[in-house]
file target_23.csv (CSV, N, CA and C atoms)
chain,number,residue,atom,x,y,z
A,277,MET,N,-23.9,-8.9,27.9
A,277,MET,CA,-24.4,-9.4,26.6
A,277,MET,C,-23.7,-8.6,25.5
A,278,ARG,N,-23.5,-7.3,25.6
A,278,ARG,CA,-22.8,-6.6,24.6
A,278,ARG,C,-21.4,-7.1,24.4
A,279,PHE,N,-20.7,-7.4,25.5
A,279,PHE,CA,-19.4,-7.9,25.5
A,279,PHE,C,-19.3,-9.2,24.7
A,280,LEU,N,-20.3,-10.1,24.9
A,280,LEU,CA,-20.3,-11.3,24.1
A,280,LEU,C,-20.5,-11.1,22.6
A,281,GLN,N,-21.4,-10.1,22.3
A,281,GLN,CA,-21.6,-9.8,20.9
A,281,GLN,C,-20.4,-9.2,20.3
A,282,ALA,N,-19.7,-8.3,21.0
A,282,ALA,CA,-18.5,-7.7,20.5
A,282,ALA,C,-17.4,-8.8,20.3
A,283,SER,N,-17.3,-9.7,21.3
A,283,SER,CA,-16.3,-10.8,21.2
A,283,SER,C,-16.6,-11.7,20.0
A,284,TRP,N,-17.8,-12.0,19.8
A,284,TRP,CA,-18.3,-12.9,18.7
A,284,TRP,C,-17.9,-12.3,17.4
A,285,GLY,N,-18.1,-11.0,17.3
A,285,GLY,CA,-17.8,-10.3,16.1
A,285,GLY,C,-16.3,-10.3,15.8
A,286,LEU,N,-15.5,-10.1,16.8
A,286,LEU,CA,-14.0,-10.1,16.7
A,286,LEU,C,-13.6,-11.5,16.3
A,287,MET,N,-14.1,-12.5,16.9
A,287,MET,CA,-13.7,-13.9,16.6
A,287,MET,C,-14.1,-14.3,15.2
A,288,LEU,N,-15.3,-13.9,14.8
A,288,LEU,CA,-15.8,-14.1,13.4
A,288,LEU,C,-14.9,-13.5,12.4
A,289,GLY,N,-14.5,-12.2,12.7
A,289,GLY,CA,-13.6,-11.5,11.8
A,289,GLY,C,-12.3,-12.1,11.7
A,290,ALA,N,-11.7,-12.5,12.8
A,290,ALA,CA,-10.4,-13.2,12.8
A,290,ALA,C,-10.5,-14.5,12.0
A,291,ALA,N,-11.5,-15.2,12.3
A,291,ALA,CA,-11.6,-16.5,11.6
A,291,ALA,C,-11.7,-16.3,10.1
A,292,THR,N,-12.5,-15.3,9.7
A,292,THR,CA,-12.6,-15.0,8.2
A,292,THR,C,-11.3,-14.7,7.6
A,293,ALA,N,-10.5,-13.8,8.3
A,293,ALA,CA,-9.2,-13.4,7.8
A,293,ALA,C,-8.2,-14.5,7.7
A,294,LEU,N,-8.2,-15.4,8.8
A,294,LEU,CA,-7.3,-16.5,8.8
A,294,LEU,C,-7.7,-17.6,7.7
A,295,SER,N,-8.9,-17.7,7.4
A,295,SER,CA,-9.3,-18.7,6.5
A,295,SER,C,-9.3,-18.2,5.0
A,296,ASN,N,-9.0,-17.0,4.8
A,296,ASN,CA,-8.9,-16.4,3.5
A,296,ASN,C,-7.4,-16.4,3.1
A,297,PRO,N,-7.0,-17.3,2.1
A,297,PRO,CA,-5.6,-17.3,1.7
A,297,PRO,C,-5.1,-16.1,1.1
A,298,THR,N,-6.0,-15.3,0.5
A,298,THR,CA,-5.6,-14.0,-0.1
A,298,THR,C,-5.0,-13.1,0.9
A,299,VAL,N,-5.6,-13.0,2.1
A,299,VAL,CA,-5.1,-12.1,3.1
A,299,VAL,C,-3.6,-12.4,3.4
A,300,ALA,N,-3.3,-13.7,3.7
A,300,ALA,CA,-2.0,-14.1,4.0
A,300,ALA,C,-1.0,-14.0,2.9
A,301,ALA,N,-1.5,-14.2,1.7
A,301,ALA,CA,-0.6,-14.2,0.5
A,301,ALA,C,-0.3,-12.9,-0.1
A,302,GLU,N,-0.8,-11.8,0.4
A,302,GLU,CA,-0.6,-10.5,-0.1
A,302,GLU,C,0.0,-9.5,1.0
A,303,PRO,N,1.2,-9.7,1.3
A,303,PRO,CA,1.8,-8.8,2.4
A,303,PRO,C,1.9,-7.3,2.0
A,304,LEU,N,1.8,-7.0,0.7
A,304,LEU,CA,1.8,-5.6,0.2
A,304,LEU,C,0.6,-4.8,0.7
A,305,ILE,N,-0.5,-5.5,0.9
A,305,ILE,CA,-1.7,-4.8,1.3
A,305,ILE,C,-1.6,-4.4,2.7
A,306,GLY,N,-2.0,-3.1,3.0
A,306,GLY,CA,-2.0,-2.6,4.3
A,306,GLY,C,-1.6,-1.1,4.4
A,307,THR,N,-1.3,-0.6,5.6
A,307,THR,CA,-0.9,0.8,5.8
A,307,THR,C,0.6,0.9,5.9
A,308,TRP,N,1.2,1.8,5.2
A,308,TRP,CA,2.6,2.1,5.1
A,308,TRP,C,2.9,3.5,5.5
A,309,GLN,N,4.0,3.8,6.1
A,309,GLN,CA,4.4,5.1,6.4
A,309,GLN,C,5.6,5.5,5.6
A,310,ALA,N,5.5,6.7,4.9
A,310,ALA,CA,6.6,7.2,4.0
A,310,ALA,C,7.6,7.9,4.9
A,311,GLU,N,8.8,8.1,4.4
A,311,GLU,CA,9.8,8.8,5.1
A,311,GLU,C,9.4,10.2,5.6
A,312,SER,N,8.5,10.8,4.9
A,312,SER,CA,7.9,12.1,5.3
A,312,SER,C,7.0,12.1,6.5
A,313,GLY,N,6.6,10.8,6.8
A,313,GLY,CA,5.6,10.7,7.9
A,313,GLY,C,4.2,10.4,7.4
A,314,ARG,N,4.0,10.8,6.2
A,314,ARG,CA,2.7,10.6,5.5
A,314,ARG,C,2.3,9.1,5.5
A,315,LYS,N,1.1,8.7,5.8
A,315,LYS,CA,0.7,7.3,5.7
A,315,LYS,C,-0.1,7.1,4.5
A,316,VAL,N,0.1,5.9,3.9
A,316,VAL,CA,-0.7,5.5,2.7
A,316,VAL,C,-1.2,4.1,2.9
A,317,THR,N,-2.3,3.8,2.2
A,317,THR,CA,-2.7,2.4,2.2
A,317,THR,C,-2.6,1.8,0.8
A,318,ILE,N,-2.3,0.6,0.8
A,318,ILE,CA,-2.2,-0.2,-0.5
A,318,ILE,C,-3.3,-1.2,-0.4
A,319,ALA,N,-4.1,-1.2,-1.4
A,319,ALA,CA,-5.3,-2.2,-1.4
A,319,ALA,C,-5.4,-2.7,-2.8
A,320,ARG,N,-6.1,-3.8,-3.0
A,320,ARG,CA,-6.4,-4.4,-4.3
A,320,ARG,C,-7.4,-3.5,-5.0
A,321,CYS,N,-7.1,-3.3,-6.3
A,321,CYS,CA,-8.1,-2.7,-7.1
A,321,CYS,C,-8.1,-3.4,-8.5
A,322,GLY,N,-9.0,-4.3,-8.6
A,322,GLY,CA,-9.0,-5.2,-9.8
A,322,GLY,C,-7.8,-6.1,-9.8
A,323,ASP,N,-7.0,-6.0,-10.9
A,323,ASP,CA,-5.8,-6.9,-10.9
A,323,ASP,C,-4.5,-6.2,-10.5
A,324,ALA,N,-4.7,-5.0,-9.9
A,324,ALA,CA,-3.6,-4.2,-9.5
A,324,ALA,C,-3.6,-3.9,-8.0
A,325,TYR,N,-2.7,-3.1,-7.5
A,325,TYR,CA,-2.6,-2.6,-6.2
A,325,TYR,C,-2.7,-1.1,-6.3
A,326,CYS,N,-3.6,-0.4,-5.6
A,326,CYS,CA,-3.7,1.0,-5.6
A,326,CYS,C,-3.2,1.6,-4.3
A,327,VAL,N,-2.5,2.7,-4.5
A,327,VAL,CA,-1.9,3.4,-3.3
A,327,VAL,C,-2.7,4.7,-3.1
A,328,THR,N,-3.2,4.9,-1.9
A,328,THR,CA,-4.0,6.1,-1.5
A,328,THR,C,-3.4,6.7,-0.2
A,329,VAL,N,-3.2,8.0,-0.2
A,329,VAL,CA,-2.8,8.8,1.0
A,329,VAL,C,-3.9,8.7,2.0
A,330,VAL,N,-3.6,8.5,3.3
A,330,VAL,CA,-4.6,8.4,4.3
A,330,VAL,C,-4.3,9.4,5.5
A,331,SER,N,-3.3,10.2,5.3
A,331,SER,CA,-3.0,11.2,6.4
A,331,SER,C,-2.4,12.4,5.8
A,332,GLY,N,-2.6,13.5,6.5
A,332,GLY,CA,-2.0,14.8,6.1
A,332,GLY,C,-2.8,15.5,5.0
A,333,LYS,N,-2.2,16.5,4.4
A,333,LYS,CA,-2.8,17.4,3.5
A,333,LYS,C,-3.4,16.8,2.3
A,334,TYR,N,-2.8,15.7,1.8
A,334,TYR,CA,-3.3,15.0,0.6
A,334,TYR,C,-4.2,13.8,0.9
A,335,SER,N,-4.7,13.7,2.1
A,335,SER,CA,-5.5,12.5,2.5
A,335,SER,C,-6.6,12.2,1.5
A,336,GLY,N,-6.8,11.0,1.1
A,336,GLY,CA,-7.8,10.6,0.1
A,336,GLY,C,-7.3,10.6,-1.3
A,337,ARG,N,-6.2,11.1,-1.6
A,337,ARG,CA,-5.7,11.2,-3.0
A,337,ARG,C,-5.0,9.9,-3.4
A,338,HIS,N,-5.4,9.5,-4.6
A,338,HIS,CA,-4.8,8.3,-5.2
A,338,HIS,C,-3.4,8.7,-5.7
A,339,ILE,N,-2.4,8.0,-5.3
A,339,ILE,CA,-1.0,8.3,-5.7
A,339,ILE,C,-0.2,7.2,-6.4
A,340,GLY,N,-0.9,6.1,-6.8
A,340,GLY,CA,-0.1,5.1,-7.5
A,340,GLY,C,-1.0,3.9,-7.8
A,341,ARG,N,-0.4,3.1,-8.7
A,341,ARG,CA,-1.0,1.8,-9.1
A,341,ARG,C,0.1,0.9,-9.6
A,342,PHE,N,0.2,-0.3,-9.0
A,342,PHE,CA,1.2,-1.2,-9.3
A,342,PHE,C,0.6,-2.6,-9.6
A,343,THR,N,1.4,-3.4,-10.4
A,343,THR,CA,1.1,-4.8,-10.7
A,343,THR,C,2.3,-5.5,-10.4
A,344,GLY,N,2.2,-6.8,-10.1
A,344,GLY,CA,3.4,-7.6,-9.9
A,344,GLY,C,3.1,-8.6,-8.7
A,345,SER,N,4.1,-9.3,-8.3
A,345,SER,CA,4.0,-10.3,-7.2
A,345,SER,C,5.4,-10.6,-6.7
A,346,ASP,N,5.4,-11.4,-5.6
A,346,ASP,CA,6.6,-11.9,-5.0
A,346,ASP,C,7.6,-10.7,-4.6
A,347,GLY,N,7.0,-9.6,-4.2
A,347,GLY,CA,7.8,-8.5,-3.7
A,347,GLY,C,8.4,-7.6,-4.7
A,348,ARG,N,8.0,-7.8,-6.0
A,348,ARG,CA,8.5,-6.9,-7.1
A,348,ARG,C,7.3,-6.4,-7.9
A,349,TYR,N,7.2,-5.0,-8.0
A,349,TYR,CA,6.0,-4.4,-8.6
A,349,TYR,C,6.4,-3.3,-9.5
A,350,THR,N,5.6,-3.1,-10.6
A,350,THR,CA,5.9,-1.9,-11.5
A,350,THR,C,4.5,-1.2,-11.7
A,351,GLY,N,4.6,0.0,-12.1
A,351,GLY,CA,3.4,0.7,-12.5
A,351,GLY,C,3.7,2.2,-12.5
A,352,GLU,N,2.8,3.0,-11.9
A,352,GLU,CA,3.0,4.4,-11.9
A,352,GLU,C,2.9,5.0,-10.5
A,353,ILE,N,3.6,6.1,-10.2
A,353,ILE,CA,3.5,6.8,-9.0
A,353,ILE,C,3.2,8.2,-9.3
A,354,ILE,N,2.3,8.9,-8.5
A,354,ILE,CA,1.9,10.2,-8.8
A,354,ILE,C,2.3,11.1,-7.6
A,355,THR,N,3.0,12.2,-7.9
A,355,THR,CA,3.4,13.2,-6.9
A,355,THR,C,2.1,14.0,-6.5
A,356,PRO,N,1.7,13.9,-5.2
A,356,PRO,CA,0.4,14.5,-4.8
A,356,PRO,C,0.5,16.0,-4.9
A,357,LYS,N,1.7,16.6,-4.7
A,357,LYS,CA,1.8,18.1,-4.7
A,357,LYS,C,1.5,18.7,-6.1
A,358,ASN,N,1.9,18.0,-7.2
A,358,ASN,CA,1.7,18.6,-8.5
A,358,ASN,C,0.9,17.7,-9.4
A,359,ASN,N,0.5,16.5,-8.9
A,359,ASN,CA,-0.3,15.6,-9.7
A,359,ASN,C,0.4,15.0,-10.9
A,360,ARG,N,1.8,15.0,-10.9
A,360,ARG,CA,2.5,14.5,-12.1
A,360,ARG,C,2.7,13.0,-11.9
A,361,SER,N,2.6,12.3,-13.0
A,361,SER,CA,2.8,10.8,-13.0
A,361,SER,C,4.1,10.4,-13.5
A,362,TYR,N,4.7,9.4,-12.8
A,362,TYR,CA,6.0,8.9,-13.2
A,362,TYR,C,6.0,7.4,-13.3
A,363,ALA,N,6.9,6.8,-14.1
A,363,ALA,CA,7.1,5.3,-14.1
A,363,ALA,C,7.5,4.9,-12.7
A,364,GLY,N,6.8,4.0,-12.1
A,364,GLY,CA,7.1,3.6,-10.8
A,364,GLY,C,7.5,2.1,-10.6
A,365,SER,N,8.2,1.8,-9.5
A,365,SER,CA,8.5,0.5,-9.2
A,365,SER,C,8.5,0.4,-7.7
A,366,ALA,N,8.3,-0.8,-7.2
A,366,ALA,CA,8.4,-1.0,-5.7
A,366,ALA,C,9.0,-2.4,-5.5
A,367,GLU,N,9.8,-2.5,-4.4
A,367,GLU,CA,10.4,-3.7,-4.1
A,367,GLU,C,10.2,-3.9,-2.6
A,368,GLN,N,9.5,-5.0,-2.2
A,368,GLN,CA,9.2,-5.2,-0.8
A,368,GLN,C,10.2,-6.2,-0.2
A,369,ASN,N,10.7,-5.9,1.0
A,369,ASN,CA,11.5,-6.8,1.8
A,369,ASN,C,11.0,-6.8,3.2
A,370,GLY,N,10.2,-7.7,3.6
A,370,GLY,CA,9.6,-7.8,4.9
A,370,GLY,C,8.7,-6.6,5.1
A,371,THR,N,9.0,-5.7,6.1
A,371,THR,CA,8.2,-4.6,6.4
A,371,THR,C,8.7,-3.3,5.8
A,372,SER,N,9.6,-3.4,4.9
A,372,SER,CA,10.1,-2.3,4.1
A,372,SER,C,9.7,-2.4,2.7
A,373,LEU,N,9.4,-1.2,2.1
A,373,LEU,CA,9.0,-1.1,0.7
A,373,LEU,C,9.8,0.0,0.1
A,374,ARG,N,10.7,-0.3,-0.9
A,374,ARG,CA,11.4,0.7,-1.6
A,374,ARG,C,10.6,1.1,-2.8
A,375,VAL,N,10.2,2.4,-2.8
A,375,VAL,CA,9.4,2.9,-3.9
A,375,VAL,C,10.2,3.9,-4.7
A,376,GLN,N,10.1,3.7,-6.0
A,376,GLN,CA,10.9,4.6,-6.9
A,376,GLN,C,10.0,5.1,-8.0
A,377,GLY,N,10.2,6.4,-8.3
A,377,GLY,CA,9.6,7.0,-9.5
A,377,GLY,C,10.6,7.6,-10.4
A,378,CYS,N,10.4,7.4,-11.7
A,378,CYS,CA,11.4,7.9,-12.7
A,378,CYS,C,10.8,8.6,-13.8
A,379,ALA,N,11.5,9.7,-14.2
A,379,ALA,CA,11.1,10.5,-15.4
A,379,ALA,C,12.1,10.1,-16.4
A,380,LEU,N,11.7,9.7,-17.6
A,380,LEU,CA,12.6,9.3,-18.7
A,380,LEU,C,13.6,8.2,-18.3
A,381,LYS,N,13.3,7.4,-17.3
A,381,LYS,CA,14.1,6.3,-16.8
A,381,LYS,C,15.5,6.7,-16.4
A,382,VAL,N,15.8,7.9,-16.3
A,382,VAL,CA,17.2,8.3,-15.9
A,382,VAL,C,17.1,9.3,-14.7
A,383,LEU,N,16.1,10.0,-14.5
A,383,LEU,CA,15.9,10.9,-13.4
A,383,LEU,C,15.0,10.2,-12.4
A,384,CYS,N,15.6,9.6,-11.4
A,384,CYS,CA,14.8,8.8,-10.5
A,384,CYS,C,14.9,9.3,-9.0
A,385,LYS,N,13.9,9.1,-8.3
A,385,LYS,CA,13.9,9.4,-6.9
A,385,LYS,C,13.2,8.2,-6.1
A,386,SER,N,13.8,7.8,-5.0
A,386,SER,CA,13.3,6.7,-4.3
A,386,SER,C,13.2,7.0,-2.8
A,387,GLU,N,12.4,6.3,-2.1
A,387,GLU,CA,12.3,6.4,-0.7
A,387,GLU,C,11.8,5.0,-0.2
A,388,THR,N,12.0,4.8,1.1
A,388,THR,CA,11.6,3.6,1.7
A,388,THR,C,10.4,3.8,2.6
A,389,TRP,N,9.4,3.0,2.5
A,389,TRP,CA,8.2,3.1,3.3
A,389,TRP,C,8.2,1.9,4.3
A,390,THR,N,7.7,2.1,5.5
A,390,THR,CA,7.6,1.1,6.5
A,390,THR,C,6.2,0.7,6.8
A,391,LYS,N,6.0,-0.6,6.9
A,391,LYS,CA,4.7,-1.2,7.1
A,391,LYS,C,4.2,-0.9,8.6
A,392,ARG,N,3.0,-0.4,8.7
A,392,ARG,CA,2.5,-0.1,10.1
A,392,ARG,C,1.3,-1.0,10.4
call {"tool": "encode", "arguments": {"input": "target_23.csv", "output": "structure tokens"}}
result
Amino acid sequence: MRFLQASWGLMLGAATALSNPTVAAEPLIGTWQAESGRKVTIARCGDAYCVTVVSGKYSGRHIGRFTGSDGRYTGEIITPKNNRSYAGSAEQNGTSLRVQGCALKVLCKSETWTKR
């Protein structure tokens, strides 16, 4: 009986996800792994996408907010170590996300995150 209840719950959840066009239309949403090994989640927050660390020393810390679509996003990125905010951008290509933060638009650092 418990197996049937668990199976029913899984089927219902899958049916809901598949019938929701927002889930399929937003490949940015999900868990990503940074080059450092730290994992972050990107989730909808109002009309933007919020980035939150979910592993390691800074777990639970909000580190970014982006707006955009079609694989190109702009906003801000926050360094968790010193809590400094930078102009940010992100460009998604399949399961890769190139994230860049810039100070004064000339001093930039970027890294690639991989979708997990």
call {"tool": "atom_distance", "arguments": {"input": "target_23.csv", "atom1": "atom CA of Ala319 of chain A", "atom2": "atom CA of Lys381 of chain A"}}
result
26.2 Å
call {"tool": "residues_around", "arguments": {"input": "target_23.csv", "residues": "Glu367 of chain A", "least_positions_apart": "3", "cutoff": "6 Å", "atoms": "only C-alpha atoms", "output": "VMD selection string"}}
result
chain A and resid 347 to 348 373 to 374
call {"tool": "atom_distance", "arguments": {"input": "target_23.csv", "atom1": "atom CA of Lys315 of chain A", "atom2": "atom CA of Pro356 of chain A"}}
result
12.7 Å
call {"tool": "closest_residue", "arguments": {"input": "target_23.csv", "among": "A:Ala363, A:Gly377, A:Gln368, A:Val327", "to": "Ser345 of chain A", "atoms": "only C-alpha atoms"}}
result
A:Gln368
call {"tool": "closest_residue", "arguments": {"input": "target_23.csv", "among": "A:Ile305, A:Val330, A:Ile339, A:Val375", "to": "Asn358 of chain A", "atoms": "only C-alpha atoms"}}
result
A:Ile339
call {"tool": "atom_distance", "arguments": {"input": "target_23.csv", "atom1": "atom N of Glu387 of chain A", "atom2": "atom N of Ser365 of chain A"}}
result
9.6 Å
call {"tool": "closest_residue", "arguments": {"input": "target_23.csv", "among": "A:Thr307, A:Arg337, A:Arg392, A:Ile318", "to": "Ala366 of chain A", "atoms": "only C-alpha atoms"}}
result
A:Ile318
call {"tool": "residues_around", "arguments": {"input": "target_23.csv", "residues": "Gly313 of chain A", "least_positions_apart": "2", "cutoff": "10 Å", "atoms": "only C-alpha atoms", "output": "ChimeraX atom specification"}}
result
/A:308-311,315-316,331-332,389-390
call {"tool": "residues_around", "arguments": {"input": "target_23.csv", "residues": "Tyr325 of chain A", "least_positions_apart": "4", "cutoff": "5 Å", "atoms": "all atoms listed in the file", "output": "count of residues only"}}
result
5
call {"tool": "closest_residue", "arguments": {"input": "target_23.csv", "among": "A:Thr371, A:Cys326, A:Arg360, A:Gly306", "to": "Thr343 of chain A", "atoms": "all atoms listed in the file"}}
result
A:Cys326
call {"tool": "axis_aligned_box", "arguments": {"input": "target_23.csv", "around": "segment 307-324 of chain A", "padding_each_side": "8 Å", "output": "lines of an AutoDock Vina configuration file"}}
result
center_x = 0.4
center_y = 2.6
center_z = -1.5
size_x = 34.8
size_y = 35.0
size_z = 34.8
call {"tool": "select_by_dssp", "arguments": {"input": "target_23.csv", "residues": "segment 348-386 of chain A", "states": "strand (DSSP E or B)", "output": "PyMOL selection string"}}
result
chain A and resi 348-355+360-369+372-379+383-386
call {"tool": "write_last_selection", "arguments": {"input": "target_23.csv", "atoms": "N, CA and C atoms", "output": "tab-separated table (two decimals), in the coordinates of the input"}}
result
chain	number	residue	atom	x	y	z
A	348	ARG	N	8.00	-7.80	-6.00
A	348	ARG	CA	8.50	-6.90	-7.10
A	348	ARG	C	7.30	-6.40	-7.90
A	349	TYR	N	7.20	-5.00	-8.00
A	349	TYR	CA	6.00	-4.40	-8.60
A	349	TYR	C	6.40	-3.30	-9.50
A	350	THR	N	5.60	-3.10	-10.60
A	350	THR	CA	5.90	-1.90	-11.50
A	350	THR	C	4.50	-1.20	-11.70
A	351	GLY	N	4.60	0.00	-12.10
A	351	GLY	CA	3.40	0.70	-12.50
A	351	GLY	C	3.70	2.20	-12.50
A	352	GLU	N	2.80	3.00	-11.90
A	352	GLU	CA	3.00	4.40	-11.90
A	352	GLU	C	2.90	5.00	-10.50
A	353	ILE	N	3.60	6.10	-10.20
A	353	ILE	CA	3.50	6.80	-9.00
A	353	ILE	C	3.20	8.20	-9.30
A	354	ILE	N	2.30	8.90	-8.50
A	354	ILE	CA	1.90	10.20	-8.80
A	354	ILE	C	2.30	11.10	-7.60
A	355	THR	N	3.00	12.20	-7.90
A	355	THR	CA	3.40	13.20	-6.90
A	355	THR	C	2.10	14.00	-6.50
A	360	ARG	N	1.80	15.00	-10.90
A	360	ARG	CA	2.50	14.50	-12.10
A	360	ARG	C	2.70	13.00	-11.90
A	361	SER	N	2.60	12.30	-13.00
A	361	SER	CA	2.80	10.80	-13.00
A	361	SER	C	4.10	10.40	-13.50
A	362	TYR	N	4.70	9.40	-12.80
A	362	TYR	CA	6.00	8.90	-13.20
A	362	TYR	C	6.00	7.40	-13.30
A	363	ALA	N	6.90	6.80	-14.10
A	363	ALA	CA	7.10	5.30	-14.10
A	363	ALA	C	7.50	4.90	-12.70
A	364	GLY	N	6.80	4.00	-12.10
A	364	GLY	CA	7.10	3.60	-10.80
A	364	GLY	C	7.50	2.10	-10.60
A	365	SER	N	8.20	1.80	-9.50
A	365	SER	CA	8.50	0.50	-9.20
A	365	SER	C	8.50	0.40	-7.70
A	366	ALA	N	8.30	-0.80	-7.20
A	366	ALA	CA	8.40	-1.00	-5.70
A	366	ALA	C	9.00	-2.40	-5.50
A	367	GLU	N	9.80	-2.50	-4.40
A	367	GLU	CA	10.40	-3.70	-4.10
A	367	GLU	C	10.20	-3.90	-2.60
A	368	GLN	N	9.50	-5.00	-2.20
A	368	GLN	CA	9.20	-5.20	-0.80
A	368	GLN	C	10.20	-6.20	-0.20
A	369	ASN	N	10.70	-5.90	1.00
A	369	ASN	CA	11.50	-6.80	1.80
A	369	ASN	C	11.00	-6.80	3.20
A	372	SER	N	9.60	-3.40	4.90
A	372	SER	CA	10.10	-2.30	4.10
A	372	SER	C	9.70	-2.40	2.70
A	373	LEU	N	9.40	-1.20	2.10
A	373	LEU	CA	9.00	-1.10	0.70
A	373	LEU	C	9.80	0.00	0.10
A	374	ARG	N	10.70	-0.30	-0.90
A	374	ARG	CA	11.40	0.70	-1.60
A	374	ARG	C	10.60	1.10	-2.80
A	375	VAL	N	10.20	2.40	-2.80
A	375	VAL	CA	9.40	2.90	-3.90
A	375	VAL	C	10.20	3.90	-4.70
A	376	GLN	N	10.10	3.70	-6.00
A	376	GLN	CA	10.90	4.60	-6.90
A	376	GLN	C	10.00	5.10	-8.00
A	377	GLY	N	10.20	6.40	-8.30
A	377	GLY	CA	9.60	7.00	-9.50
A	377	GLY	C	10.60	7.60	-10.40
A	378	CYS	N	10.40	7.40	-11.70
A	378	CYS	CA	11.40	7.90	-12.70
A	378	CYS	C	10.80	8.60	-13.80
A	379	ALA	N	11.50	9.70	-14.20
A	379	ALA	CA	11.10	10.50	-15.40
A	379	ALA	C	12.10	10.10	-16.40
A	383	LEU	N	16.10	10.00	-14.50
A	383	LEU	CA	15.90	10.90	-13.40
A	383	LEU	C	15.00	10.20	-12.40
A	384	CYS	N	15.60	9.60	-11.40
A	384	CYS	CA	14.80	8.80	-10.50
A	384	CYS	C	14.90	9.30	-9.00
A	385	LYS	N	13.90	9.10	-8.30
A	385	LYS	CA	13.90	9.40	-6.90
A	385	LYS	C	13.20	8.20	-6.10
A	386	SER	N	13.80	7.80	-5.00
A	386	SER	CA	13.30	6.70	-4.30
A	386	SER	C	13.20	7.00	-2.80
call {"tool": "closest_residue", "arguments": {"input": "target_23.csv", "among": "A:Ser312, A:Ala324, A:Glu302, A:Thr355", "to": "Thr388 of chain A", "atoms": "only N, CA and C atoms"}}
result
A:Ser312
